[in-house]
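Asker: Provided below: run-v6.cif, containing mmCIF, C-alpha atoms.
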data_entry
#
loop_
_atom_site.label_atom_id
_atom_site.label_comp_id
_atom_site.auth_asym_id
_atom_site.auth_seq_id
_atom_site.Cartn_x
_atom_site.Cartn_y
_atom_site.Cartn_z
CA MET M 1 68.85 -3.48 19.23
CA THR M 2 69.02 -1.64 22.56
CA VAL M 3 65.77 -0.29 23.91
CA ASP M 4 65.76 2.43 26.56
CA LEU M 5 62.86 2.07 28.99
CA GLY M 6 61.22 4.95 30.81
CA LEU M 7 62.51 8.43 31.49
CA PRO M 8 66.07 9.76 31.46
CA GLU M 9 68.00 9.82 34.73
CA ALA M 10 67.33 13.54 35.28
CA PRO M 11 63.90 14.24 33.79
CA PRO M 12 63.05 17.89 33.23
CA VAL M 13 60.94 19.71 35.79
CA LEU M 14 59.02 22.94 35.30
CA ALA M 15 60.92 24.89 37.96
CA PRO M 16 63.66 24.31 40.53
CA ARG M 17 62.59 23.67 44.11
CA ARG M 18 62.18 26.64 46.42
CA THR M 19 65.17 26.69 48.79
CA THR M 20 64.17 25.75 52.33
CA ARG M 21 65.55 24.72 55.68
CA GLN M 22 66.12 20.97 55.94
CA LEU M 23 64.45 18.59 58.38
CA ASP M 24 65.02 15.00 59.39
CA VAL M 25 61.65 13.36 59.99
CA GLY M 26 62.48 9.93 61.34
CA GLY M 27 65.16 9.35 58.71
CA VAL M 28 63.19 10.91 55.84
CA GLY M 29 64.74 14.14 54.63
CA VAL M 30 62.25 16.96 54.21
CA GLY M 31 63.09 20.17 52.38
CA SER M 32 64.48 21.35 49.08
CA ASP M 33 67.51 19.03 49.23
CA HIS M 34 65.24 15.98 49.30
CA PRO M 35 62.46 14.49 47.16
CA VAL M 36 58.90 15.64 47.82
CA SER M 37 57.41 13.15 50.30
CA VAL M 38 53.95 11.59 50.18
CA GLN M 39 52.01 11.39 53.43
CA SER M 40 48.70 9.94 54.51
CA MET M 41 46.83 9.46 57.77
CA THR M 42 45.48 6.32 59.37
CA THR M 43 41.73 5.93 59.82
CA THR M 44 41.95 3.39 62.64
CA LEU M 45 41.64 4.12 66.32
CA THR M 46 45.23 4.81 67.27
CA SER M 47 44.62 3.02 70.57
CA ASP M 48 44.11 -0.17 68.52
CA VAL M 49 47.81 -0.80 67.98
CA ASN M 50 47.47 -3.89 65.79
CA ALA M 51 44.89 -2.35 63.46
CA THR M 52 46.90 0.85 63.16
CA LEU M 53 50.14 -1.00 62.40
CA GLN M 54 48.33 -3.12 59.82
CA GLN M 55 47.07 -0.03 58.02
CA ILE M 56 50.52 1.57 58.22
CA ALA M 57 51.98 -1.57 56.62
CA GLU M 58 49.47 -1.32 53.78
CA LEU M 59 50.29 2.36 53.26
CA THR M 60 54.01 1.58 53.31
CA ALA M 61 53.53 -1.07 50.62
CA ALA M 62 51.64 1.47 48.51
CA GLY M 63 54.58 3.89 48.63
CA CYS M 64 53.70 6.16 51.56
CA ASP M 65 56.79 7.92 52.97
CA ILE M 66 55.43 9.32 56.24
CA VAL M 67 52.22 8.51 58.13
CA ARG M 68 50.19 10.55 60.59
CA VAL M 69 48.09 9.13 63.44
CA ALA M 70 45.40 10.94 65.42
CA VAL M 71 45.88 11.38 69.17
CA PRO M 72 42.61 12.69 70.63
CA SER M 73 42.68 10.64 73.85
CA ALA M 74 44.93 9.31 76.61
CA ASP M 75 44.52 5.78 75.23
CA ASP M 76 45.80 6.95 71.85
CA ALA M 77 48.78 8.66 73.46
CA ALA M 78 49.56 5.47 75.39
CA ALA M 79 49.68 3.51 72.12
CA LEU M 80 52.24 5.80 70.48
CA PRO M 81 55.45 4.16 71.78
CA ALA M 82 54.55 0.76 70.29
CA ILE M 83 53.37 2.26 67.00
CA ALA M 84 56.41 4.51 66.59
CA ARG M 85 58.76 1.63 67.40
CA LYS M 86 57.18 -0.96 65.10
CA SER M 87 56.23 1.18 62.09
CA ASN M 88 58.51 0.87 59.06
CA ILE M 89 57.96 4.51 58.11
CA PRO M 90 58.12 7.64 60.28
CA VAL M 91 55.05 8.30 62.41
CA ILE M 92 53.75 11.82 63.04
CA ALA M 93 51.41 12.39 65.98
CA ASP M 94 48.44 14.64 65.21
CA ILE M 95 47.58 16.70 68.29
CA HIS M 96 44.58 18.91 68.98
CA PHE M 97 43.20 20.57 72.12
CA GLN M 98 45.50 19.02 74.76
CA PRO M 99 49.15 20.14 74.97
CA LYS M 100 49.98 17.21 77.27
CA TYR M 101 49.69 14.87 74.28
CA VAL M 102 52.43 16.82 72.50
CA PHE M 103 54.84 15.88 75.27
CA ALA M 104 53.56 12.29 75.24
CA ALA M 105 54.24 12.05 71.48
CA ILE M 106 57.76 13.41 71.87
CA ASP M 107 58.48 11.01 74.74
CA ALA M 108 57.05 8.13 72.67
CA GLY M 109 59.66 8.64 69.97
CA CYS M 110 57.35 9.90 67.23
CA ALA M 111 59.24 11.22 64.21
CA ALA M 112 57.42 14.56 64.37
CA VAL M 113 54.39 16.22 65.92
CA ARG M 114 51.66 18.12 64.12
CA VAL M 115 49.95 20.83 66.15
CA ASN M 116 47.17 23.25 65.29
CA PRO M 117 47.88 26.14 67.65
CA GLY M 118 44.47 27.70 67.08
CA ASN M 119 42.67 24.89 68.92
CA ILE M 120 45.18 23.88 71.61
CA LYS M 121 44.32 25.18 75.05
CA ARG M 122 46.74 27.84 76.33
CA PHE M 123 49.13 26.87 73.54
CA ASP M 124 51.13 30.10 73.63
CA ASP M 125 51.91 29.53 77.31
CA LYS M 126 53.32 26.09 76.50
CA VAL M 127 55.50 26.98 73.52
CA GLY M 128 58.69 27.27 75.55
CA GLU M 129 58.23 23.87 77.15
CA ILE M 130 57.27 22.24 73.87
CA ALA M 131 60.25 23.80 72.09
CA ALA M 132 62.65 22.60 74.79
CA ALA M 133 61.28 19.05 74.75
CA ALA M 134 61.25 18.84 70.95
CA LYS M 135 64.74 20.27 70.67
CA ALA M 136 66.14 17.82 73.21
CA ALA M 137 64.58 14.88 71.37
CA GLY M 138 65.34 16.15 67.85
CA THR M 139 61.63 16.10 67.02
CA PRO M 140 60.41 18.46 64.26
CA ILE M 141 57.05 20.16 64.62
CA ARG M 142 54.52 20.90 61.89
CA ILE M 143 52.43 23.97 62.51
CA GLY M 144 49.15 23.19 60.80
CA VAL M 145 46.74 26.04 60.21
CA ASN M 146 43.37 25.64 58.52
CA ALA M 147 40.11 27.48 58.06
CA GLY M 148 38.32 25.69 60.87
CA SER M 149 40.65 26.63 63.69
CA LEU M 150 42.12 30.08 63.26
CA GLU M 151 42.88 31.96 66.45
CA PRO M 152 39.94 34.19 67.49
CA GLY M 153 41.95 37.40 67.18
CA ILE M 154 43.02 36.67 63.61
CA MET M 155 39.51 35.55 62.64
CA ALA M 156 38.15 38.82 64.07
CA LYS M 157 40.72 40.81 62.12
CA TYR M 158 40.03 39.27 58.72
CA GLY M 159 36.44 38.10 59.14
CA LYS M 160 37.14 34.73 57.52
CA ALA M 161 39.97 32.39 56.61
CA THR M 162 41.58 34.45 53.87
CA PRO M 163 45.03 33.54 52.52
CA GLU M 164 46.45 36.45 54.50
CA ALA M 165 44.79 35.24 57.70
CA LEU M 166 46.14 31.71 57.29
CA VAL M 167 49.66 32.96 56.65
CA GLU M 168 49.64 35.48 59.48
CA SER M 169 48.54 32.80 61.92
CA ALA M 170 51.18 30.32 60.79
CA LEU M 171 54.05 32.81 60.85
CA TRP M 172 52.99 34.14 64.26
CA GLU M 173 53.10 30.66 65.76
CA ALA M 174 56.45 29.93 64.08
CA SER M 175 57.85 33.14 65.55
CA LEU M 176 56.91 31.97 69.04
CA PHE M 177 59.04 28.87 68.53
CA ALA M 178 61.85 30.96 67.01
CA GLU M 179 61.92 33.05 70.18
CA HIS M 180 63.00 29.87 71.95
CA ASP M 181 65.60 29.11 69.28
CA PHE M 182 63.56 26.26 67.82
CA HIS M 183 63.51 26.17 64.02
CA ASP M 184 62.84 22.53 63.07
CA ILE M 185 59.45 23.53 61.75
CA LYS M 186 57.30 22.60 58.77
CA ILE M 187 54.19 24.65 57.99
CA SER M 188 50.86 23.96 56.33
CA VAL M 189 48.08 26.45 55.55
CA LYS M 190 45.28 24.24 54.27
CA HIS M 191 41.92 25.30 52.88
CA HIS M 192 39.11 23.44 51.14
CA ASP M 193 39.13 25.90 48.22
CA PRO M 194 42.11 25.30 45.88
CA VAL M 195 42.36 28.96 44.84
CA THR M 196 42.52 30.18 48.44
CA MET M 197 44.93 27.39 49.32
CA VAL M 198 47.29 28.15 46.42
CA ARG M 199 47.37 31.86 47.22
CA ALA M 200 48.08 31.17 50.89
CA TYR M 201 51.07 28.97 50.03
CA GLU M 202 52.34 31.55 47.53
CA LEU M 203 52.32 34.21 50.25
CA LEU M 204 53.88 31.86 52.77
CA ALA M 205 56.67 30.84 50.38
CA GLU M 206 57.54 34.51 49.89
CA GLN M 207 57.80 35.20 53.61
CA CYS M 208 59.71 32.27 55.10
CA ASP M 209 62.16 29.48 54.29
CA TYR M 210 60.45 26.73 56.30
CA PRO M 211 59.56 23.53 54.42
CA LEU M 212 55.90 23.47 53.41
CA HIS M 213 53.38 20.65 53.65
CA LEU M 214 50.73 20.93 50.92
CA GLY M 215 47.13 19.93 51.39
CA VAL M 216 43.64 20.80 50.24
CA THR M 217 41.76 20.01 53.42
CA GLU M 218 38.35 18.32 53.25
CA ALA M 219 38.87 17.92 49.52
CA GLY M 220 35.92 15.54 49.19
CA PRO M 221 35.19 12.13 47.63
CA THR M 222 37.78 10.44 45.44
CA PHE M 223 36.97 12.09 42.11
CA GLN M 224 36.38 15.61 43.42
CA GLY M 225 39.26 15.43 45.89
CA THR M 226 41.65 14.18 43.25
CA ILE M 227 40.76 17.04 40.91
CA LYS M 228 41.09 19.66 43.65
CA SER M 229 44.38 18.28 44.91
CA ALA M 230 45.93 17.76 41.49
CA THR M 231 44.97 21.30 40.47
CA ALA M 232 46.32 22.95 43.61
CA PHE M 233 49.43 20.78 43.97
CA GLY M 234 50.26 21.15 40.29
CA ALA M 235 50.03 24.94 40.51
CA LEU M 236 52.47 24.99 43.42
CA LEU M 237 54.82 22.08 42.75
CA SER M 238 55.31 23.17 39.14
CA ARG M 239 56.84 26.36 40.57
CA GLY M 240 58.97 24.53 43.14
CA ILE M 241 56.71 25.20 46.14
CA GLY M 242 56.04 22.23 48.41
CA ASP M 243 58.11 19.64 50.27
CA THR M 244 55.56 17.12 51.51
CA ILE M 245 52.02 16.45 50.31
CA ARG M 246 48.87 14.77 51.57
CA VAL M 247 45.89 14.21 49.31
CA SER M 248 42.88 14.40 51.66
CA LEU M 249 40.13 12.14 50.30
CA SER M 250 36.90 10.74 51.67
CA ALA M 251 38.28 7.35 50.69
CA PRO M 252 40.63 4.68 52.07
CA PRO M 253 44.04 6.26 52.80
CA ILE M 254 45.77 3.97 50.33
CA GLU M 255 43.94 5.92 47.60
CA GLU M 256 45.46 9.14 48.94
CA VAL M 257 48.92 7.65 48.49
CA ARG M 258 48.21 6.43 44.96
CA VAL M 259 46.90 9.83 43.88
CA GLY M 260 49.79 11.65 45.56
CA LEU M 261 52.40 9.50 43.88
CA SER M 262 50.70 9.90 40.52
CA ILE M 263 50.74 13.69 40.88
CA LEU M 264 54.47 13.67 41.65
CA GLU M 265 55.20 11.28 38.77
CA SER M 266 53.26 13.44 36.33
CA LEU M 267 55.47 16.42 37.27
CA ASN M 268 58.68 14.35 37.05
CA LEU M 269 59.17 14.79 40.79
CA ARG M 270 59.18 10.99 41.22
CA PRO M 271 60.50 8.35 38.81
CA ARG M 272 57.65 7.11 36.67
CA LYS M 273 56.76 3.44 36.79
CA LEU M 274 54.03 2.03 34.61
CA GLU M 275 52.32 4.70 32.49
CA ILE M 276 49.38 3.87 30.24
CA VAL M 277 48.91 6.23 27.28
CA SER M 278 45.48 5.66 25.78
CA CYS M 279 43.24 7.64 23.48
CA PRO M 280 39.90 9.01 24.70
CA SER M 281 38.12 7.15 21.91
CA CYS M 282 36.16 8.85 19.19
CA GLY M 283 34.20 8.10 16.05
CA ARG M 284 37.40 6.88 14.37
CA ALA M 285 37.99 4.12 16.94
CA GLN M 286 37.64 0.63 15.56
CA VAL M 287 38.08 -1.16 18.90
CA ASP M 288 36.76 -0.70 22.44
CA VAL M 289 39.61 1.43 23.73
CA TYR M 290 38.11 1.78 27.22
CA LYS M 291 38.02 -1.98 27.66
CA LEU M 292 41.51 -2.48 26.20
CA ALA M 293 43.09 0.17 28.43
CA ASP M 294 41.38 -1.16 31.57
CA GLU M 295 42.42 -4.73 30.88
CA VAL M 296 46.04 -3.81 30.12
CA THR M 297 46.21 -1.65 33.25
CA ALA M 298 44.81 -4.47 35.40
CA GLY M 299 47.19 -7.00 33.87
CA LEU M 300 50.25 -4.86 34.57
CA GLU M 301 49.27 -3.63 38.03
CA GLY M 302 52.23 -3.52 40.36
CA MET M 303 54.91 -3.33 37.67
CA GLU M 304 57.95 -1.46 39.01
CA VAL M 305 59.93 -1.07 35.78
CA PRO M 306 59.45 2.38 34.19
CA LEU M 307 57.40 1.44 31.15
CA ARG M 308 55.22 3.61 28.91
CA VAL M 309 52.52 1.57 27.19
CA ALA M 310 50.33 3.12 24.48
CA VAL M 311 46.89 1.63 23.83
CA MET M 312 45.50 3.30 20.73
CA GLY M 313 42.26 2.64 18.90
CA CYS M 314 42.58 4.12 15.42
CA VAL M 315 44.95 4.53 12.50
CA VAL M 316 45.18 8.35 12.75
CA ASN M 317 47.06 8.97 16.01
CA GLY M 318 47.64 5.34 16.88
CA PRO M 319 50.86 4.55 15.02
CA GLY M 320 52.57 7.75 16.10
CA GLU M 321 51.73 7.34 19.78
CA ALA M 322 52.55 3.63 19.73
CA ARG M 323 55.95 4.33 18.14
CA ASP M 324 56.76 6.93 20.79
CA ALA M 325 56.07 4.55 23.68
CA ASP M 326 58.25 1.75 24.99
CA LEU M 327 55.48 -0.65 24.06
CA GLY M 328 52.27 0.03 22.20
CA VAL M 329 49.45 -1.10 19.99
CA ALA M 330 47.76 0.66 17.08
CA SER M 331 44.40 -1.04 16.54
CA GLY M 332 42.05 -1.21 13.58
CA ASN M 333 40.30 -3.53 11.14
CA GLY M 334 40.09 -6.32 13.71
CA LYS M 335 43.80 -6.47 14.44
CA GLY M 336 46.56 -4.65 16.27
CA GLN M 337 50.10 -3.74 15.33
CA ILE M 338 52.39 -4.26 18.33
CA PHE M 339 55.26 -1.76 18.60
CA VAL M 340 58.38 -2.00 20.75
CA LYS M 341 60.21 1.33 20.88
CA GLY M 342 59.09 2.47 17.49
CA GLU M 343 59.27 -0.77 15.54
CA VAL M 344 56.44 -3.13 14.65
CA ILE M 345 57.35 -6.55 16.02
CA LYS M 346 54.11 -8.36 15.16
CA THR M 347 50.49 -8.00 14.15
CA VAL M 348 47.88 -9.92 16.14
CA PRO M 349 44.10 -10.41 16.01
CA GLU M 350 42.08 -8.01 18.14
CA ALA M 351 41.22 -10.79 20.60
CA GLN M 352 44.95 -11.29 21.34
CA ILE M 353 45.94 -7.64 21.83
CA VAL M 354 45.70 -7.55 25.62
CA GLU M 355 47.40 -10.90 26.08
CA THR M 356 50.22 -9.92 23.73
CA LEU M 357 50.82 -6.52 25.33
CA ILE M 358 51.01 -8.08 28.79
CA GLU M 359 53.40 -10.78 27.60
CA GLU M 360 55.67 -8.25 25.89
CA ALA M 361 55.62 -5.92 28.91
CA LEU M 362 56.58 -8.73 31.25
CA ARG M 363 59.33 -9.83 28.88
CA LEU M 364 60.74 -6.31 28.70
CA ALA M 365 60.61 -5.99 32.49
CA GLU M 366 62.39 -9.32 32.93
CA GLU M 367 65.12 -8.40 30.46
CA ALA M 368 65.51 -5.00 32.11
CA GLY M 369 66.07 -6.78 35.41
CA GLU M 370 68.66 -9.06 33.84
CA GLU M 371 70.51 -6.04 32.45
CA GLU M 372 70.62 -4.45 35.90
CA LEU M 373 71.84 -7.65 37.53
CA ALA M 374 74.59 -7.84 34.92
CA GLY M 375 75.80 -4.49 36.20
CA GLY M 376 75.31 -2.60 32.99
CA GLN M 377 72.67 -0.22 34.33
CA ALA M 378 73.41 0.16 38.00
CA GLY M 379 71.88 3.39 39.19
CA GLY M 380 70.60 4.33 35.75
CA THR M 381 67.51 3.94 33.65
CA PRO M 382 66.68 0.32 32.77
CA THR M 383 67.32 -0.76 29.21
CA VAL M 384 66.50 -3.97 27.43
CA THR M 385 67.98 -5.69 24.44
CA VAL M 386 65.36 -6.81 21.93
CA GLY M 387 65.70 -9.19 19.01
#
Do you think you could lay out the structure here as structure tokens?

Answerer:
Amino acid sequence: MTVDLGLPEAPPVLAPRRTTRQLDVGGVGVGSDHPVSVQSMTTTLTSDVNATLQQIAELTAAGCDIVRVAVPSADDAAALPAIARKSNIPVIADIHFQPKYVFAAIDAGCAAVRVNPGNIKRFDDKVGEIAAAAKAAGTPIRIGVNAGSLEPGIMAKYGKATPEALVESALWEASLFAEHDFHDIKISVKHHDPVTMVRAYELLAEQCDYPLHLGVTEAGPTFQGTIKSATAFGALLSRGIGDTIRVSLSAPPIEEVRVGLSILESLNLRPRKLEIVSCPSCGRAQVDVYKLADEVTAGLEGMEVPLRVAVMGCVVNGPGEARDADLGVASGNGKGQIFVKGEVIKTVPEAQIVETLIEEALRLAEEAGEEELAGGQAGGTPTVTVG
């Protein structure tokens, strides 16, 4: 029989993307005509070219689309040409305080420059020069506004970093660039509070057509930051708001990429790869579901074929969930029924469940690859032929 793996070619989304201007960030399209991009930021000293390129390579392998590097010093600025040239993904220079580093980043060939106008000395006086240099080089600029660096006048007006204050600051700075006929702009209005952040992006989306970069700034350690980011991003992306994302975690940047990709996959904004469906366990469970799910996940880490695997621990919901997955197990009474796309293919002892699921998953992935090589599924969703 023919087994269809994964999601359909055009999975449903909750809302169409908000229509925006389009940007080219080092070959990566940004805006409503392109997929939502995942970004992260290196934690190395940018002046250490080898260490920075090594971390960029690791982020690239994890699925990062665009990477940002900090440029707080002259040594960091001097390292930009080598990093921009050797990186396999577009590099954005992150500039604070010194406008001269903006020009250095443009001259270095960075794919884009991120500036926070609120903390750059005499920024307004330099807008014309920056716009001219960026326009000549085809370098987009992200105007990044956050609670910690609002312009003094706007802070005095609102008293704190309200959604309205963040938006007013961002749009004011964008208008300065527009006066010089520069429009290759992306905007972010980050805040550590998801509710404030969501409201700010809602207001911003209503008032401009620039692409938007989503972020909950200073989101916290992995667990807390993941919850905050998933909540805020889900609220916005589910309504079509957002064109690039960065999950800001107090954790290695590769974790930011993994969480960001998972958020996009859960909203059908990225093709799903491996998905483990497992029950939360309860008094009905007759096996250690936590252990089973962890072992199956570890055994299938890195799988690229879109595969939904159900690991279920009881006879109530187990058979139904297992039948609905590409591959699944319904466990109980010391054994497990192994399902492939709705049909029981074998029953194995509990001790062999993990081994069997991994074997079957690898077999399905291999056969899916053979189908693609045969030309039957080029450009479509992988299928496999079973039994």

Asker: Could you tell me, as a list in words, exactly which residues end up selected when the PyMOL selection byres ((chain M and resi 352) around 12) is applied to this structure?

Answerer: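 Applying the expression gives Leu292, Glu295, Val296, Val329, Ser331, Gly334, Lys335, Gly336, Gln337, Ile338, Lys346, Thr347, Val348, Pro349, Glu350, Ala351, Ile353, Val354, Glu355, Thr356, Leu357, Ile358 and Glu359 of chain M.
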
Asker: For M:Phe177, please output as a PyMOL selection string all residues within 8 Å (counting all atoms listed in the file; exclusion window: fewer than 6 positions along the same chain).

Answerer: chain M and resi 127-128+131+183

Asker: Report, in Å with one decimal, the straight-line distance from atom CA of M:Val13 to atom CA of M:Pro35.

Answerer: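 Computing it gives 12.6 Å between the two atoms.
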
Asker: Taking into account only C-alpha atoms, which residue in the set M:Asp124, M:Glu202, M:Asp65, M:Asp48 is nearest to M:Ser188?

Answerer: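 Among the listed residues, the smallest separation from M:Ser188 belongs to M:Glu202.
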
Asker: Return the single residue from M:Leu80, M:Glu265, M:Tyr158, M:Glu275 that is closest to M:Leu307, with distances computed using all atoms listed in the file.

Answerer: M:Glu275

Asker: Taking the file as I've supplied it (selection: the PyMOL selection byres ((chain M and resi 210-213) around 9)), which residues are included? Please answer as a short mmCIF file (atom, residue, chain, number, x, y, z; two decimals) with C-alpha atoms, in the coordinates of the input.

Answerer:
data_model
loop_
_atom_site.label_atom_id
_atom_site.label_comp_id
_atom_site.auth_asym_id
_atom_site.auth_seq_id
_atom_site.Cartn_x
_atom_site.Cartn_y
_atom_site.Cartn_z
CA ARG M 18 62.18 26.64 46.42
CA THR M 19 65.17 26.69 48.79
CA THR M 20 64.17 25.75 52.33
CA ARG M 21 65.55 24.72 55.68
CA GLN M 22 66.12 20.97 55.94
CA LEU M 23 64.45 18.59 58.38
CA VAL M 30 62.25 16.96 54.21
CA GLY M 31 63.09 20.17 52.38
CA SER M 32 64.48 21.35 49.08
CA ARG M 142 54.52 20.90 61.89
CA GLY M 144 49.15 23.19 60.80
CA HIS M 183 63.51 26.17 64.02
CA ASP M 184 62.84 22.53 63.07
CA ILE M 185 59.45 23.53 61.75
CA LYS M 186 57.30 22.60 58.77
CA ILE M 187 54.19 24.65 57.99
CA SER M 188 50.86 23.96 56.33
CA VAL M 189 48.08 26.45 55.55
CA LYS M 190 45.28 24.24 54.27
CA TYR M 201 51.07 28.97 50.03
CA LEU M 204 53.88 31.86 52.77
CA ALA M 205 56.67 30.84 50.38
CA CYS M 208 59.71 32.27 55.10
CA ASP M 209 62.16 29.48 54.29
CA LEU M 214 50.73 20.93 50.92
CA GLY M 215 47.13 19.93 51.39
CA ILE M 241 56.71 25.20 46.14
CA GLY M 242 56.04 22.23 48.41
CA ASP M 243 58.11 19.64 50.27
CA THR M 244 55.56 17.12 51.51
CA ILE M 245 52.02 16.45 50.31
CA ARG M 246 48.87 14.77 51.57
#

Asker: Atom CA of M:Val287 to atom CA of M:Arg323: how many Å, to one decimal?

Answerer: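 Those two atoms sit 18.7 Å apart.
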
Asker: Please, what distance in Å, to one decimal, runs between atom CA of M:Gly332 and atom CA of M:Asp288?

Answerer: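 These atoms are spaced 10.3 Å apart.
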
Asker: Closest to M:Phe223 among M:Ala62, M:Leu249, M:Leu236, M:Val198, using all atoms listed in the file?

Answerer: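 Ranked by minimum distance to M:Phe223, first place goes to M:Leu249.
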